[in-house]
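Working notes for the structure below.
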Amino acid sequence: MAIRKDSVLGSFSGKLGGIVGYELNGQNVIRSLPVTAKRKPTALTLTNQRRMKAVSQFLRPLKHVIDFGYKNIAPKGSRVGAFQAAQSHTFRNAVDYGEDNVPYVNPEKVLVFRGDLMPPPQLQVTREGNGIHVQWDNLSCRHEQGVLLILAYAIEEKWFWFEEGGAKISEGTFTWELHAGFLPDLHIYVGFYDILRDKLSDSVYGGCV
């Protein structure tokens with residue numbers, strides 16, 4: 001991949017011969033098109049393709065959340081976008097293998113938010129009906145300013161709910177009522193966000209409830 005400044009090609013987007021041009025984070029980017037392999041792919045190549053497919057399927061429904069949660073990992077002007085940064089992190093850190101060595105994304109290892117703030121300490125998550133109760137040790141983070149972030153992800157259904165600012169970090173507890181007729185099993189991710197400094201914490205997995 002190359003960042004185009006002044007080029008004989010001028011400013012363009014789309015396919016031209018063996019290259020494609022597009023804009024990423026305000027920069028004009030030129031990327032060569034993949035070359036079709038003539039040889040049969042190796043077992044390692046096939047495994048990596050299946051891993052990337054599993055990662056993309058897991059993250060794709062969360063794209064808007066990921067764009068927010070990784071915005072400081074891939075700020076404007078970066079060569080890699082927020083979603084691509086999340087794909088890379090998940091590919092390297094959150095892929096496990098099931099029956100017949102089939103790769104899948106382990107929800108416990110995924111980070112949907114990333115940043116330098118202290119993450120919620122001693123997190124506990126429980127559910128009663130459509131109510132999600134979240135509790136954390138607010139005394140351990142009494143010097144932190146900001147609000148709670150919480151994501152509920154129904155992986156099989158590709159549904160999610162996202163709440164920002166339902167509680168302050170200093171409160172230590174939050175009950176979230178999801179107004180829906182039916183709620184499947186939900187994977188819960190919780191983090192902190194300092195709005196004034198625009199800083200995030202890493203997310204903490206709260207379990208499947």
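Order determines the names: the first chain of the structure tokens is A, the second B, and so forth; residues in each chain are numbered 1 upward, and ligands are numbered 1 upward as they are shown.
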
Per residue of region 31-85 of chain A within 8 Å of region 92-107 of chain A, record the nearest atom pair and its distance in Å to one decimal, counting only C-alpha atoms, with rows in chain order and ascending residue number, as a tab-separated table.
```
residue	atom	partner	partner_atom	distance
A:Thr47	CA	A:Pro103	CA	7.7
A:Arg50	CA	A:Pro103	CA	6.6
A:Arg51	CA	A:Pro103	CA	5.6
A:Ala54	CA	A:Tyr104	CA	5.6
A:Val55	CA	A:Val105	CA	6.2
A:Phe58	CA	A:Val105	CA	7.0
```

Within 9 Å of Lys71 (chain A), counting only C-alpha atoms, which residues qualify if same-chain residues fewer than 6 places away don't, as number ranges by chain? A: 81-82, 113-114

Could you write out that same residue set with N, CA and C atoms as a tab-separated table (two decimals), in the first residue's frame?
```tsv
chain	number	residue	atom	x	y	z
A	81	GLY	N	-7.27	1.74	9.10
A	81	GLY	CA	-8.50	2.21	9.71
A	81	GLY	C	-8.81	1.49	11.01
A	82	ALA	N	-9.81	2.03	11.74
A	82	ALA	CA	-10.17	1.45	13.04
A	82	ALA	C	-10.64	0.01	12.89
A	113	PHE	N	-13.41	-2.13	22.77
A	113	PHE	CA	-12.87	-0.80	23.02
A	113	PHE	C	-11.40	-0.99	23.38
A	114	ARG	N	-10.58	-0.01	23.03
A	114	ARG	CA	-9.17	-0.05	23.42
A	114	ARG	C	-8.68	1.34	23.76
```

Between A:Asp185, A:Asp202, A:Glu177, A:Glu171, which has the minimum distance to Trp136 (chain A) (counting only C-alpha atoms)? A:Glu171

What's the 8 Å shell around region 146-159 of chain A, counting only C-alpha atoms, without same-chain residues fewer than 4 positions away, as a PyMOL selection string? chain A and resi 58+61+163-169+184-196

Extract the full set of helix (DSSP H, G or I) residues from region 8-208 of chain A according to DSSP on the backbone, and format it as a ChimeraX atom specification. /A:43-69,82-93,99-101,107-109,169-171

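For the choices A:Ile30, A:Leu62, A:Ala43, A:Cys208, the atom-to-atom distance to Thr126 (chain A) is smallest for A:Cys208 when using only C-alpha atoms.
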
When DSSP works through the backbone of this structure, what residues of region 1-203 of chain A end up as strand (DSSP E), shown as a VMD selection string? chain A and resid 2 to 3 14 to 16 19 to 24 27 to 32 95 to 97 103 to 105 124 to 128 131 to 135 147 to 154 159 to 168 173 to 177 187 to 194 199 to 200

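Distances to Leu178 (chain A) were evaluated for A:Gly21, A:Gly131, A:Pro75, A:Gly206 using only C-alpha atoms, and the minimum falls at A:Gly131.
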
Coordinates-based distance that separates CA of His133 (chain A) from CA of Pro121 (chain A) (Å, one decimal): 15.2 Å
